[in-house]
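The structure under discussion appears below in the form of structure tokens.
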Amino acid sequence: MNAATLIAVALSLVSAVAYAAAAVAQERLAARTAGAEAGLRRMVHAGAWWGSVLLNAGAALLHVAALRFGPLTLVQPLGALTLVAAVPLGARLAGRRVTSVEWRGTALTLLGLGALLVTASGPEPDTR
């Protein structure tokens with residue numbers, strides 16, 4: 001694995017965690033607001049909402065930067081790690097333990113991701 005690939009993997013992992021943190025924050029904020037109209041207005045005026053929007057934007061920029069260093073067949077599947085990161089992060093912020101069903105789903109997601117990476121890996125094409 002060369003340096004560019006390592007950079008792509010690192011940027012993809014940080015991007016996935018940032019996306020997960022933003023999703024968990026937005027879900028928690030949305031759950032706290034009651035009613036569609038009033039809730040939307042309240043969230044737009046909340047600093048935490050805009051913080052999560054900035055996290056999403058930063059994650060997107062990290063994802064694009066990862067694509068600069070690695071192929072789409074590597075970077076995009078690693079983006080699915082957002083699902084894996086969101087489970088324990090969401091449980092932690094909710095003050096509860098991750099359930100066995102959630103762990104099983106996380107493990108199956110990781111297995112599927114591994115299969116996808118193995119299937120999609122291969123030599124780079126000669127022409128683009």
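Letters for chains follow the order of the structure tokens (A, B, ...), residue numbers begin at 1 for each chain, and ligand numbers begin at 1 in the order shown.
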
Which neighbours of Pro77 in chain A fall inside 9 Å, counting only C-alpha atoms, when residues of the same chain fewer than 2 positions from it are skipped, and could you give them as a list of chain:residue names?
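These residues fall inside the cut-off: A:Leu72, A:Thr73, A:Leu74, A:Val75, A:Gly79, A:Ala80, A:Leu81, A:Leu113, A:Gly114, A:Leu116, A:Leu117.
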
Expected answer as an MDAnalysis selection string: alpha helix (DSSP H) residues in range 46-103 of chain A:
chainID A and resid 47:69 72:79 81:94 100:103

Report, in Å with one decimal, the straight-line distance from CA of Ala20 in chain A to CA of Leu6 in chain A.
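The value is 21.2 Å.
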
Using only C-alpha atoms, find the one residue out of A:Val17, A:Trp49, A:Val118, A:Gly58 that sits nearest to Val87 in chain A.
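Checking each candidate against Val87 in chain A, we get A:Val17 as the closest.
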
Restricting the calculation to only C-alpha atoms: of A:Leu62, A:Ala85, A:Ala23, A:Leu54, which residue gets closest to Ala8 in chain A?
A:Leu62
